[in-house]
2 protein chains.
Amino acid sequence: MNANDSAATALESHIRGTIPLADAMDLKLRRYTGDLLEMTAPLAPNVNDKGCAFGGSMASLLTLAGWGLIELGLRAEGQDCDIYVGNSELRYQEPVWGELRGIARFVESDALARLAHALRSRGKGHIDVVCEIVGKQRPATLLTARFFARLRGK
Amino acid sequence: MNANDSAATALESHIRGTIPLADAMDLKLRRYTGDLLEMTAPLAPNVNDKGCAFGGSMASLLTLAGWGLIELGLRAEGQDCDIYVGNSELRYQEPVWGELRGIARFVESDALARLAHALRSRGKGHIDVVCEIVGKQRPATLLTARFFARLRGK
């Protein structure tokens, strides 16, 4: 298991141990590469009254995937931060009839380095992520979100 | 119990019986007046790793409150529709350290009448709602969302 894999395993345990809804969703952290984080959840606990994925489950999964991508990136840089979502936009483009598979990426390739710099110089900063629920032809659901980070104790 | 109250009670049962995540959240439909719908959820099943309300729980509660407001309004008009969220914007303005209390309203006072007219003439339409998690000085979280409705069988 490489450093990314063991950090991802620890983060999945942390999320499921401290956020009851993530545990109710049966959320799993499947892949973390530094630039990309993938989370999945089975349909059964995340279904709506129409038999497809509940919008709130997709919003939760995508927000956690974005948060996790930043959390793991900053931890790898040795920065101990509180990271929280500031605002987000969701587009529900097509229904999801099976497993929810969400992928988070940074909007800009140097975003994490710039946030790390802002944290070192000012103790706080923000970062934009784009997360999608994988669909058939296009993203089934798309979230763009701005997260804020602050060094702990500042 | 008036007609609004009994419709609201039936909708709460429907939501909790068909959307497992709403049941895990311990979601309750507290008030429905025709123009306004209020849902609540206790903090414990909706907490995050910082001890305040999880963003995904707030997104879920607000989306369900908006959906419920439209569902009950169209049912009262005798229209049998599928209603689904198209897009939404969320602003997380301050953390919530206790019960989540969400209130949904239509953006425009004649919105429901206009949607009902669109459904009668074209079988489909859209409607905008604004939903907030009540905060101390201002809404703690604000959701604006566009929902789409389609007559069943169209």
# chains A, B, ... in the order shown; residues from 1 in each chain; ligands from 1
$ calpha_fit_and_write --fixed "chain B" --moving "chain A" --output "compact mmCIF listing (two decimals) with N, CA and C atoms, in the first residue's frame"
# COMPACT_ATOMS: atom_id res chain seq x y z
N MET A 1 -57.41 18.25 12.70
CA MET A 1 -56.33 18.39 11.71
C MET A 1 -56.90 18.92 10.39
N ASN A 2 -56.37 20.04 9.88
CA ASN A 2 -56.89 20.57 8.61
C ASN A 2 -56.27 19.84 7.42
N ALA A 3 -56.71 20.21 6.19
CA ALA A 3 -56.25 19.50 4.98
C ALA A 3 -54.74 19.62 4.81
N ASN A 4 -54.17 20.80 5.08
CA ASN A 4 -52.72 20.98 4.96
C ASN A 4 -51.97 20.07 5.92
N ASP A 5 -52.46 19.99 7.17
CA ASP A 5 -51.77 19.17 8.17
C ASP A 5 -51.80 17.69 7.79
N SER A 6 -52.96 17.21 7.33
CA SER A 6 -53.02 15.77 7.03
C SER A 6 -52.21 15.46 5.77
N ALA A 7 -52.17 16.39 4.78
CA ALA A 7 -51.32 16.18 3.60
C ALA A 7 -49.85 16.16 4.01
N ALA A 8 -49.47 17.03 4.94
CA ALA A 8 -48.07 17.09 5.39
C ALA A 8 -47.68 15.81 6.13
N THR A 9 -48.58 15.31 6.97
CA THR A 9 -48.31 14.06 7.71
C THR A 9 -48.12 12.89 6.73
N ALA A 10 -48.97 12.84 5.71
CA ALA A 10 -48.85 11.77 4.71
C ALA A 10 -47.53 11.89 3.94
N LEU A 11 -47.14 13.13 3.63
CA LEU A 11 -45.90 13.31 2.88
C LEU A 11 -44.68 12.92 3.72
N GLU A 12 -44.68 13.25 5.01
CA GLU A 12 -43.56 12.85 5.86
C GLU A 12 -43.42 11.33 5.88
N SER A 13 -44.54 10.62 5.99
CA SER A 13 -44.49 9.15 5.98
C SER A 13 -43.96 8.63 4.64
N HIS A 14 -44.42 9.25 3.56
CA HIS A 14 -43.97 8.83 2.22
C HIS A 14 -42.46 9.03 2.09
N ILE A 15 -41.98 10.21 2.49
CA ILE A 15 -40.54 10.51 2.37
C ILE A 15 -39.73 9.53 3.20
N ARG A 16 -40.12 9.35 4.46
CA ARG A 16 -39.32 8.48 5.34
C ARG A 16 -39.43 7.02 4.95
N GLY A 17 -40.55 6.65 4.33
CA GLY A 17 -40.74 5.26 3.92
C GLY A 17 -40.03 4.91 2.63
N THR A 18 -39.72 5.91 1.79
CA THR A 18 -39.16 5.61 0.47
C THR A 18 -37.74 6.15 0.27
N ILE A 19 -37.30 7.06 1.14
CA ILE A 19 -35.94 7.63 1.01
C ILE A 19 -35.18 7.29 2.29
N PRO A 20 -34.37 6.21 2.25
CA PRO A 20 -33.70 5.76 3.49
C PRO A 20 -32.87 6.85 4.16
N LEU A 21 -32.26 7.74 3.36
CA LEU A 21 -31.42 8.76 3.97
C LEU A 21 -32.25 9.75 4.80
N ALA A 22 -33.46 10.05 4.33
CA ALA A 22 -34.34 10.96 5.10
C ALA A 22 -34.69 10.33 6.44
N ASP A 23 -34.86 9.01 6.44
CA ASP A 23 -35.15 8.31 7.69
C ASP A 23 -33.91 8.31 8.59
N ALA A 24 -32.74 8.09 8.01
CA ALA A 24 -31.48 8.12 8.78
C ALA A 24 -31.26 9.51 9.39
N MET A 25 -31.72 10.55 8.70
CA MET A 25 -31.57 11.93 9.20
C MET A 25 -32.59 12.24 10.29
N ASP A 26 -33.62 11.39 10.46
CA ASP A 26 -34.73 11.63 11.39
C ASP A 26 -35.47 12.92 11.04
N LEU A 27 -35.75 13.05 9.76
CA LEU A 27 -36.39 14.23 9.20
C LEU A 27 -37.86 14.32 9.60
N LYS A 28 -38.29 15.50 9.97
CA LYS A 28 -39.70 15.71 10.32
C LYS A 28 -40.27 16.91 9.55
N LEU A 29 -41.51 16.77 9.10
CA LEU A 29 -42.20 17.87 8.42
C LEU A 29 -43.05 18.57 9.48
N ARG A 30 -42.66 19.77 9.86
CA ARG A 30 -43.24 20.45 11.02
C ARG A 30 -44.41 21.35 10.71
N ARG A 31 -44.38 21.95 9.48
CA ARG A 31 -45.37 22.99 9.21
C ARG A 31 -45.55 23.12 7.72
N TYR A 32 -46.81 23.24 7.30
CA TYR A 32 -47.09 23.49 5.89
C TYR A 32 -48.29 24.41 5.81
N THR A 33 -48.11 25.54 5.14
CA THR A 33 -49.19 26.53 5.09
C THR A 33 -49.70 26.76 3.66
N GLY A 34 -49.08 26.11 2.68
CA GLY A 34 -49.41 26.39 1.28
C GLY A 34 -48.31 27.24 0.65
N ASP A 35 -47.86 28.25 1.37
CA ASP A 35 -46.79 29.14 0.88
C ASP A 35 -45.44 28.80 1.48
N LEU A 36 -45.44 28.00 2.53
CA LEU A 36 -44.23 27.77 3.32
C LEU A 36 -44.24 26.35 3.86
N LEU A 37 -43.09 25.71 3.83
CA LEU A 37 -42.97 24.36 4.41
C LEU A 37 -41.73 24.34 5.30
N GLU A 38 -41.88 23.77 6.49
CA GLU A 38 -40.76 23.71 7.44
C GLU A 38 -40.45 22.26 7.77
N MET A 39 -39.18 21.90 7.66
CA MET A 39 -38.70 20.57 8.06
C MET A 39 -37.60 20.74 9.10
N THR A 40 -37.50 19.77 9.99
CA THR A 40 -36.42 19.81 10.97
C THR A 40 -35.72 18.45 11.02
N ALA A 41 -34.52 18.46 11.60
CA ALA A 41 -33.78 17.22 11.86
C ALA A 41 -32.87 17.49 13.05
N PRO A 42 -32.75 16.53 13.95
CA PRO A 42 -31.87 16.74 15.11
C PRO A 42 -30.40 16.70 14.69
N LEU A 43 -29.55 17.30 15.51
CA LEU A 43 -28.13 17.36 15.14
C LEU A 43 -27.46 15.98 15.14
N ALA A 44 -27.75 15.14 16.14
CA ALA A 44 -26.96 13.91 16.35
C ALA A 44 -26.75 13.07 15.08
N PRO A 45 -27.82 12.71 14.34
CA PRO A 45 -27.55 11.90 13.14
C PRO A 45 -27.03 12.71 11.96
N ASN A 46 -26.92 14.03 12.14
CA ASN A 46 -26.55 14.92 11.03
C ASN A 46 -25.29 15.72 11.31
N VAL A 47 -24.50 15.22 12.23
CA VAL A 47 -23.31 15.95 12.68
C VAL A 47 -22.13 15.66 11.74
N ASN A 48 -21.16 16.56 11.70
CA ASN A 48 -19.93 16.26 10.95
C ASN A 48 -18.76 16.06 11.92
N ASP A 49 -17.56 15.94 11.36
CA ASP A 49 -16.40 15.64 12.20
C ASP A 49 -15.98 16.83 13.06
N LYS A 50 -16.58 18.03 12.83
CA LYS A 50 -16.27 19.21 13.66
C LYS A 50 -17.30 19.41 14.77
N GLY A 51 -18.37 18.58 14.77
CA GLY A 51 -19.39 18.69 15.82
C GLY A 51 -20.56 19.58 15.44
N CYS A 52 -20.53 20.17 14.24
CA CYS A 52 -21.67 20.97 13.77
C CYS A 52 -22.37 20.23 12.64
N ALA A 53 -23.38 20.86 12.04
CA ALA A 53 -24.20 20.16 11.05
C ALA A 53 -23.41 19.88 9.78
N PHE A 54 -23.54 18.66 9.29
CA PHE A 54 -22.89 18.21 8.05
C PHE A 54 -23.55 18.92 6.86
N GLY A 55 -22.72 19.47 5.96
CA GLY A 55 -23.22 20.17 4.78
C GLY A 55 -24.16 19.32 3.94
N GLY A 56 -23.86 18.04 3.82
CA GLY A 56 -24.71 17.15 3.02
C GLY A 56 -26.10 16.97 3.64
N SER A 57 -26.16 16.96 4.98
CA SER A 57 -27.46 16.89 5.66
C SER A 57 -28.27 18.15 5.39
N MET A 58 -27.59 19.31 5.43
CA MET A 58 -28.32 20.56 5.19
C MET A 58 -28.79 20.62 3.74
N ALA A 59 -27.93 20.22 2.80
CA ALA A 59 -28.33 20.20 1.39
C ALA A 59 -29.52 19.27 1.19
N SER A 60 -29.50 18.10 1.84
CA SER A 60 -30.59 17.12 1.70
C SER A 60 -31.89 17.67 2.27
N LEU A 61 -31.81 18.23 3.48
CA LEU A 61 -33.02 18.76 4.13
C LEU A 61 -33.63 19.88 3.29
N LEU A 62 -32.78 20.79 2.80
CA LEU A 62 -33.30 21.94 2.04
C LEU A 62 -33.90 21.50 0.71
N THR A 63 -33.26 20.55 0.06
CA THR A 63 -33.77 20.06 -1.23
C THR A 63 -35.11 19.35 -1.02
N LEU A 64 -35.22 18.56 0.04
CA LEU A 64 -36.49 17.89 0.33
C LEU A 64 -37.58 18.88 0.74
N ALA A 65 -37.21 19.91 1.46
CA ALA A 65 -38.21 20.92 1.86
C ALA A 65 -38.76 21.62 0.62
N GLY A 66 -37.89 21.98 -0.31
CA GLY A 66 -38.33 22.63 -1.55
C GLY A 66 -39.21 21.69 -2.38
N TRP A 67 -38.77 20.46 -2.49
CA TRP A 67 -39.52 19.46 -3.25
C TRP A 67 -40.90 19.25 -2.61
N GLY A 68 -40.93 19.15 -1.29
CA GLY A 68 -42.19 18.91 -0.57
C GLY A 68 -43.18 20.06 -0.74
N LEU A 69 -42.64 21.29 -0.73
CA LEU A 69 -43.51 22.47 -0.91
C LEU A 69 -44.23 22.40 -2.26
N ILE A 70 -43.50 22.01 -3.29
CA ILE A 70 -44.09 21.92 -4.64
C ILE A 70 -45.04 20.72 -4.73
N GLU A 71 -44.60 19.58 -4.20
CA GLU A 71 -45.41 18.35 -4.23
C GLU A 71 -46.78 18.58 -3.58
N LEU A 72 -46.78 19.16 -2.39
CA LEU A 72 -48.05 19.39 -1.69
C LEU A 72 -48.90 20.42 -2.41
N GLY A 73 -48.27 21.45 -2.97
CA GLY A 73 -49.01 22.48 -3.69
C GLY A 73 -49.69 21.91 -4.93
N LEU A 74 -48.97 21.09 -5.67
CA LEU A 74 -49.55 20.52 -6.90
C LEU A 74 -50.61 19.47 -6.57
N ARG A 75 -50.39 18.70 -5.51
CA ARG A 75 -51.41 17.73 -5.11
C ARG A 75 -52.73 18.43 -4.75
N ALA A 76 -52.60 19.58 -4.04
CA ALA A 76 -53.80 20.34 -3.65
C ALA A 76 -54.54 20.86 -4.89
N GLU A 77 -53.79 21.06 -5.98
CA GLU A 77 -54.40 21.49 -7.25
C GLU A 77 -54.92 20.29 -8.04
N GLY A 78 -54.73 19.08 -7.48
CA GLY A 78 -55.21 17.87 -8.16
C GLY A 78 -54.34 17.41 -9.30
N GLN A 79 -53.06 17.86 -9.31
CA GLN A 79 -52.17 17.46 -10.40
C GLN A 79 -51.19 16.38 -9.95
N ASP A 80 -51.14 15.30 -10.70
CA ASP A 80 -50.30 14.14 -10.36
C ASP A 80 -49.03 14.22 -11.20
N CYS A 81 -47.92 14.64 -10.56
CA CYS A 81 -46.69 14.97 -11.30
C CYS A 81 -45.48 14.25 -10.73
N ASP A 82 -44.47 14.09 -11.59
CA ASP A 82 -43.11 13.84 -11.12
C ASP A 82 -42.41 15.17 -11.00
N ILE A 83 -41.83 15.40 -9.84
CA ILE A 83 -41.13 16.67 -9.57
C ILE A 83 -39.69 16.34 -9.25
N TYR A 84 -38.77 16.99 -9.92
CA TYR A 84 -37.36 16.68 -9.66
C TYR A 84 -36.53 17.94 -9.73
N VAL A 85 -35.46 17.96 -8.92
CA VAL A 85 -34.59 19.14 -8.86
C VAL A 85 -33.70 19.17 -10.11
N GLY A 86 -33.57 20.36 -10.72
CA GLY A 86 -32.73 20.52 -11.91
C GLY A 86 -31.37 21.09 -11.56
N ASN A 87 -31.37 22.19 -10.83
CA ASN A 87 -30.10 22.74 -10.37
C ASN A 87 -30.32 23.54 -9.10
N SER A 88 -29.24 23.74 -8.38
CA SER A 88 -29.35 24.47 -7.12
C SER A 88 -28.04 25.14 -6.77
N GLU A 89 -28.15 26.15 -5.96
CA GLU A 89 -26.98 26.87 -5.47
C GLU A 89 -27.07 26.93 -3.96
N LEU A 90 -25.98 26.62 -3.30
CA LEU A 90 -25.96 26.59 -1.83
C LEU A 90 -24.92 27.56 -1.30
N ARG A 91 -25.31 28.31 -0.29
CA ARG A 91 -24.34 29.15 0.42
C ARG A 91 -24.34 28.77 1.88
N TYR A 92 -23.20 28.33 2.34
CA TYR A 92 -23.04 27.95 3.74
C TYR A 92 -22.49 29.17 4.46
N GLN A 93 -23.34 29.86 5.22
CA GLN A 93 -22.96 31.17 5.74
C GLN A 93 -22.47 31.12 7.19
N GLU A 94 -23.02 30.22 7.99
CA GLU A 94 -22.50 30.05 9.35
C GLU A 94 -22.78 28.62 9.81
N PRO A 95 -21.94 28.09 10.71
CA PRO A 95 -22.16 26.71 11.17
C PRO A 95 -23.42 26.61 12.03
N VAL A 96 -23.99 25.40 12.06
CA VAL A 96 -25.20 25.14 12.85
C VAL A 96 -24.82 24.14 13.94
N TRP A 97 -25.02 24.53 15.19
CA TRP A 97 -24.56 23.71 16.32
C TRP A 97 -25.71 23.00 17.04
N GLY A 98 -26.92 23.10 16.50
CA GLY A 98 -28.07 22.44 17.14
C GLY A 98 -28.99 21.85 16.08
N GLU A 99 -30.27 21.76 16.42
CA GLU A 99 -31.26 21.23 15.48
C GLU A 99 -31.20 21.96 14.14
N LEU A 100 -31.36 21.22 13.05
CA LEU A 100 -31.44 21.82 11.72
C LEU A 100 -32.90 22.17 11.46
N ARG A 101 -33.17 23.44 11.19
CA ARG A 101 -34.54 23.87 10.92
C ARG A 101 -34.55 24.55 9.56
N GLY A 102 -35.24 23.94 8.60
CA GLY A 102 -35.22 24.43 7.23
C GLY A 102 -36.59 24.91 6.79
N ILE A 103 -36.64 26.05 6.13
CA ILE A 103 -37.90 26.64 5.67
C ILE A 103 -37.81 26.89 4.17
N ALA A 104 -38.82 26.38 3.45
CA ALA A 104 -38.86 26.55 1.99
C ALA A 104 -40.01 27.48 1.61
N ARG A 105 -39.75 28.35 0.64
CA ARG A 105 -40.77 29.27 0.11
C ARG A 105 -40.60 29.34 -1.40
N PHE A 106 -41.66 29.76 -2.10
CA PHE A 106 -41.55 30.04 -3.53
C PHE A 106 -40.85 31.38 -3.71
N VAL A 107 -40.05 31.50 -4.77
CA VAL A 107 -39.36 32.76 -5.03
C VAL A 107 -40.38 33.84 -5.39
N GLU A 108 -41.41 33.47 -6.18
CA GLU A 108 -42.45 34.44 -6.55
C GLU A 108 -43.80 33.95 -6.05
N SER A 109 -44.63 34.90 -5.59
CA SER A 109 -45.88 34.51 -4.92
C SER A 109 -46.86 33.79 -5.85
N ASP A 110 -46.80 34.08 -7.16
CA ASP A 110 -47.74 33.41 -8.08
C ASP A 110 -47.10 32.21 -8.78
N ALA A 111 -45.96 31.75 -8.26
CA ALA A 111 -45.19 30.70 -8.96
C ALA A 111 -45.99 29.41 -9.12
N LEU A 112 -46.69 29.00 -8.08
CA LEU A 112 -47.41 27.73 -8.14
C LEU A 112 -48.56 27.80 -9.15
N ALA A 113 -49.27 28.94 -9.17
CA ALA A 113 -50.37 29.11 -10.13
C ALA A 113 -49.82 29.06 -11.56
N ARG A 114 -48.65 29.67 -11.76
CA ARG A 114 -48.07 29.66 -13.12
C ARG A 114 -47.60 28.26 -13.51
N LEU A 115 -47.04 27.53 -12.56
CA LEU A 115 -46.64 26.15 -12.87
C LEU A 115 -47.87 25.30 -13.18
N ALA A 116 -48.92 25.45 -12.39
CA ALA A 116 -50.15 24.67 -12.62
C ALA A 116 -50.70 24.96 -14.02
N HIS A 117 -50.63 26.22 -14.44
CA HIS A 117 -51.09 26.61 -15.78
C HIS A 117 -50.23 25.93 -16.86
N ALA A 118 -48.90 25.96 -16.65
CA ALA A 118 -47.99 25.33 -17.62
C ALA A 118 -48.26 23.83 -17.71
N LEU A 119 -48.56 23.20 -16.58
CA LEU A 119 -48.83 21.75 -16.58
C LEU A 119 -50.13 21.45 -17.35
N ARG A 120 -51.12 22.30 -17.15
CA ARG A 120 -52.40 22.07 -17.86
C ARG A 120 -52.22 22.27 -19.37
N SER A 121 -51.41 23.27 -19.75
CA SER A 121 -51.33 23.56 -21.18
C SER A 121 -50.25 22.73 -21.89
N ARG A 122 -49.13 22.44 -21.20
CA ARG A 122 -48.02 21.77 -21.89
C ARG A 122 -47.61 20.45 -21.24
N GLY A 123 -48.16 20.17 -20.08
CA GLY A 123 -47.82 18.91 -19.40
C GLY A 123 -46.51 18.95 -18.64
N LYS A 124 -45.83 20.11 -18.67
CA LYS A 124 -44.57 20.25 -17.92
C LYS A 124 -44.29 21.71 -17.62
N GLY A 125 -43.36 21.94 -16.70
CA GLY A 125 -43.02 23.31 -16.35
C GLY A 125 -41.92 23.33 -15.30
N HIS A 126 -41.51 24.53 -14.86
CA HIS A 126 -40.49 24.62 -13.81
C HIS A 126 -40.89 25.67 -12.79
N ILE A 127 -40.21 25.63 -11.66
CA ILE A 127 -40.55 26.54 -10.56
C ILE A 127 -39.31 26.74 -9.68
N ASP A 128 -39.16 27.96 -9.17
CA ASP A 128 -37.98 28.26 -8.34
C ASP A 128 -38.38 28.38 -6.87
N VAL A 129 -37.55 27.80 -6.01
CA VAL A 129 -37.80 27.92 -4.57
C VAL A 129 -36.54 28.42 -3.87
N VAL A 130 -36.74 29.02 -2.72
CA VAL A 130 -35.62 29.44 -1.87
C VAL A 130 -35.84 28.81 -0.49
N CYS A 131 -34.80 28.18 0.00
CA CYS A 131 -34.92 27.44 1.26
C CYS A 131 -33.76 27.85 2.15
N GLU A 132 -34.01 27.97 3.43
CA GLU A 132 -32.93 28.37 4.33
C GLU A 132 -32.91 27.50 5.57
N ILE A 133 -31.70 27.26 6.07
CA ILE A 133 -31.55 26.73 7.43
C ILE A 133 -31.49 27.95 8.34
N VAL A 134 -32.42 28.00 9.29
CA VAL A 134 -32.52 29.17 10.17
C VAL A 134 -31.22 29.32 10.97
N GLY A 135 -30.68 30.55 10.98
CA GLY A 135 -29.46 30.83 11.73
C GLY A 135 -29.72 31.84 12.83
N LYS A 136 -28.66 32.36 13.41
CA LYS A 136 -28.85 33.28 14.53
C LYS A 136 -29.18 34.68 14.05
N GLN A 137 -28.32 35.25 13.20
CA GLN A 137 -28.55 36.61 12.69
C GLN A 137 -29.12 36.60 11.28
N ARG A 138 -28.77 35.56 10.54
CA ARG A 138 -29.14 35.47 9.11
C ARG A 138 -29.29 33.99 8.80
N PRO A 139 -29.78 33.64 7.59
CA PRO A 139 -29.85 32.20 7.27
C PRO A 139 -28.46 31.56 7.42
N ALA A 140 -28.39 30.43 8.13
CA ALA A 140 -27.12 29.73 8.27
C ALA A 140 -26.70 29.15 6.93
N THR A 141 -27.65 28.58 6.21
CA THR A 141 -27.41 28.03 4.87
C THR A 141 -28.57 28.42 3.99
N LEU A 142 -28.26 28.78 2.77
CA LEU A 142 -29.28 29.26 1.84
C LEU A 142 -29.21 28.42 0.57
N LEU A 143 -30.34 27.89 0.16
CA LEU A 143 -30.41 27.15 -1.11
C LEU A 143 -31.42 27.82 -2.03
N THR A 144 -31.01 28.07 -3.26
CA THR A 144 -31.98 28.46 -4.28
C THR A 144 -31.96 27.33 -5.31
N ALA A 145 -33.13 26.91 -5.72
CA ALA A 145 -33.18 25.73 -6.60
C ALA A 145 -34.29 25.86 -7.62
N ARG A 146 -34.04 25.31 -8.79
CA ARG A 146 -35.07 25.19 -9.82
C ARG A 146 -35.50 23.73 -9.92
N PHE A 147 -36.78 23.53 -9.78
CA PHE A 147 -37.36 22.19 -9.91
C PHE A 147 -38.16 22.11 -11.20
N PHE A 148 -38.21 20.92 -11.77
CA PHE A 148 -39.02 20.66 -12.96
C PHE A 148 -40.16 19.72 -12.59
N ALA A 149 -41.30 19.92 -13.22
CA ALA A 149 -42.46 19.05 -12.97
C ALA A 149 -43.00 18.57 -14.31
N ARG A 150 -43.48 17.35 -14.29
CA ARG A 150 -44.05 16.76 -15.51
C ARG A 150 -45.24 15.91 -15.11
N LEU A 151 -46.36 16.08 -15.80
CA LEU A 151 -47.53 15.25 -15.49
C LEU A 151 -47.17 13.79 -15.70
N ARG A 152 -47.62 12.94 -14.81
CA ARG A 152 -47.33 11.51 -14.95
C ARG A 152 -47.99 10.98 -16.22
N GLY A 153 -47.24 10.12 -16.94
CA GLY A 153 -47.77 9.53 -18.16
C GLY A 153 -47.55 10.38 -19.39
N LYS A 154 -46.92 11.58 -19.21
CA LYS A 154 -46.64 12.45 -20.38
C LYS A 154 -45.20 12.25 -20.82
$ select_by_dssp --residues "chain B" --states "strand (DSSP E or B)" --output "number ranges by chain"
B: 28-32, 36-41, 47, 53, 81-92, 100-106, 124-133, 141-151
$ write_last_selection --atoms "C-alpha atoms" --output "short mmCIF file (atom, residue, chain, number, x, y, z; two decimals), in the first residue's frame"
data_model
loop_
_atom_site.label_atom_id
_atom_site.label_comp_id
_atom_site.auth_asym_id
_atom_site.auth_seq_id
_atom_site.Cartn_x
_atom_site.Cartn_y
_atom_site.Cartn_z
CA LYS B 28 -39.70 15.72 10.32
CA LEU B 29 -42.20 17.86 8.42
CA ARG B 30 -43.22 20.45 11.03
CA ARG B 31 -45.36 23.00 9.22
CA TYR B 32 -47.09 23.49 5.89
CA LEU B 36 -44.23 27.76 3.32
CA LEU B 37 -42.96 24.37 4.40
CA GLU B 38 -40.77 23.71 7.44
CA MET B 39 -38.70 20.57 8.07
CA THR B 40 -36.42 19.80 10.98
CA ALA B 41 -33.79 17.22 11.86
CA VAL B 47 -23.31 15.95 12.67
CA ALA B 53 -24.22 20.15 11.04
CA CYS B 81 -46.69 14.96 -11.29
CA ASP B 82 -43.12 13.83 -11.11
CA ILE B 83 -41.14 16.67 -9.56
CA TYR B 84 -37.36 16.68 -9.66
CA VAL B 85 -34.60 19.14 -8.87
CA GLY B 86 -32.74 20.52 -11.89
CA ASN B 87 -30.10 22.75 -10.37
CA SER B 88 -29.35 24.47 -7.12
CA GLU B 89 -26.98 26.88 -5.48
CA LEU B 90 -25.97 26.59 -1.85
CA ARG B 91 -24.34 29.15 0.42
CA TYR B 92 -23.05 27.93 3.73
CA LEU B 100 -31.44 21.82 11.70
CA ARG B 101 -34.54 23.87 10.92
CA GLY B 102 -35.22 24.43 7.22
CA ILE B 103 -37.90 26.63 5.68
CA ALA B 104 -38.88 26.54 1.99
CA ARG B 105 -40.77 29.26 0.11
CA PHE B 106 -41.55 30.03 -3.52
CA LYS B 124 -44.56 20.24 -17.91
CA GLY B 125 -43.00 23.33 -16.34
CA HIS B 126 -40.49 24.61 -13.81
CA ILE B 127 -40.54 26.54 -10.56
CA ASP B 128 -37.98 28.27 -8.33
CA VAL B 129 -37.80 27.92 -4.57
CA VAL B 130 -35.62 29.43 -1.88
CA CYS B 131 -34.93 27.43 1.26
CA GLU B 132 -32.94 28.37 4.34
CA ILE B 133 -31.56 26.72 7.42
CA THR B 141 -27.41 28.03 4.87
CA LEU B 142 -29.28 29.25 1.84
CA LEU B 143 -30.42 27.14 -1.11
CA THR B 144 -31.99 28.46 -4.29
CA ALA B 145 -33.19 25.74 -6.60
CA ARG B 146 -35.06 25.19 -9.82
CA PHE B 147 -37.37 22.19 -9.91
CA PHE B 148 -39.01 20.66 -12.95
CA ALA B 149 -42.45 19.05 -12.97
CA ARG B 150 -44.03 16.74 -15.51
CA LEU B 151 -47.52 15.25 -15.50
#
$ select_by_dssp --residues "chain A" --states "alpha helix (DSSP H)" --output "ChimeraX atom specification"
/A:3-18,20-24,55-76,111-122
$ decode --residues "segment 53-91 of chain A" --atoms "C-alpha atoms" --output "short mmCIF file (atom, residue, chain, number, x, y, z; two decimals), in the first residue's frame"
data_model
loop_
_atom_site.label_atom_id
_atom_site.label_comp_id
_atom_site.auth_asym_id
_atom_site.auth_seq_id
_atom_site.Cartn_x
_atom_site.Cartn_y
_atom_site.Cartn_z
CA ALA A 53 -30.41 8.16 -6.64
CA PHE A 54 -31.61 10.74 -4.11
CA GLY A 55 -30.33 14.26 -4.89
CA GLY A 56 -29.27 14.77 -1.27
CA SER A 57 -27.11 11.63 -1.40
CA MET A 58 -25.41 12.86 -4.56
CA ALA A 59 -24.85 16.33 -3.06
CA SER A 60 -23.41 14.71 0.10
CA LEU A 61 -21.11 12.34 -1.78
CA LEU A 62 -19.80 15.09 -4.08
CA THR A 63 -19.22 17.54 -1.24
CA LEU A 64 -17.33 14.90 0.76
CA ALA A 65 -15.27 13.91 -2.28
CA GLY A 66 -14.22 17.53 -2.81
CA TRP A 67 -13.49 18.02 0.87
CA GLY A 68 -11.48 14.77 1.00
CA LEU A 69 -9.39 15.75 -2.02
CA ILE A 70 -8.34 18.98 -0.27
CA GLU A 71 -7.92 17.34 3.17
CA LEU A 72 -5.56 14.66 1.84
CA GLY A 73 -3.63 17.16 -0.29
CA LEU A 74 -3.02 19.52 2.62
CA ARG A 75 -2.13 16.67 4.99
CA ALA A 76 0.50 15.49 2.47
CA GLU A 77 1.91 19.04 2.59
CA GLY A 78 2.05 18.74 6.40
CA GLN A 79 -0.60 21.40 6.99
CA ASP A 80 -3.13 20.88 9.78
CA CYS A 81 -6.27 22.78 8.71
CA ASP A 82 -9.99 23.09 9.14
CA ILE A 83 -11.53 22.84 5.69
CA TYR A 84 -15.14 23.75 5.10
CA VAL A 85 -17.40 24.28 2.10
CA GLY A 86 -18.38 27.91 1.44
CA ASN A 87 -20.69 27.65 -1.54
CA SER A 88 -21.55 25.23 -4.28
CA GLU A 89 -23.58 24.85 -7.42
CA LEU A 90 -25.21 21.59 -8.44
CA ARG A 91 -26.57 20.52 -11.80
#
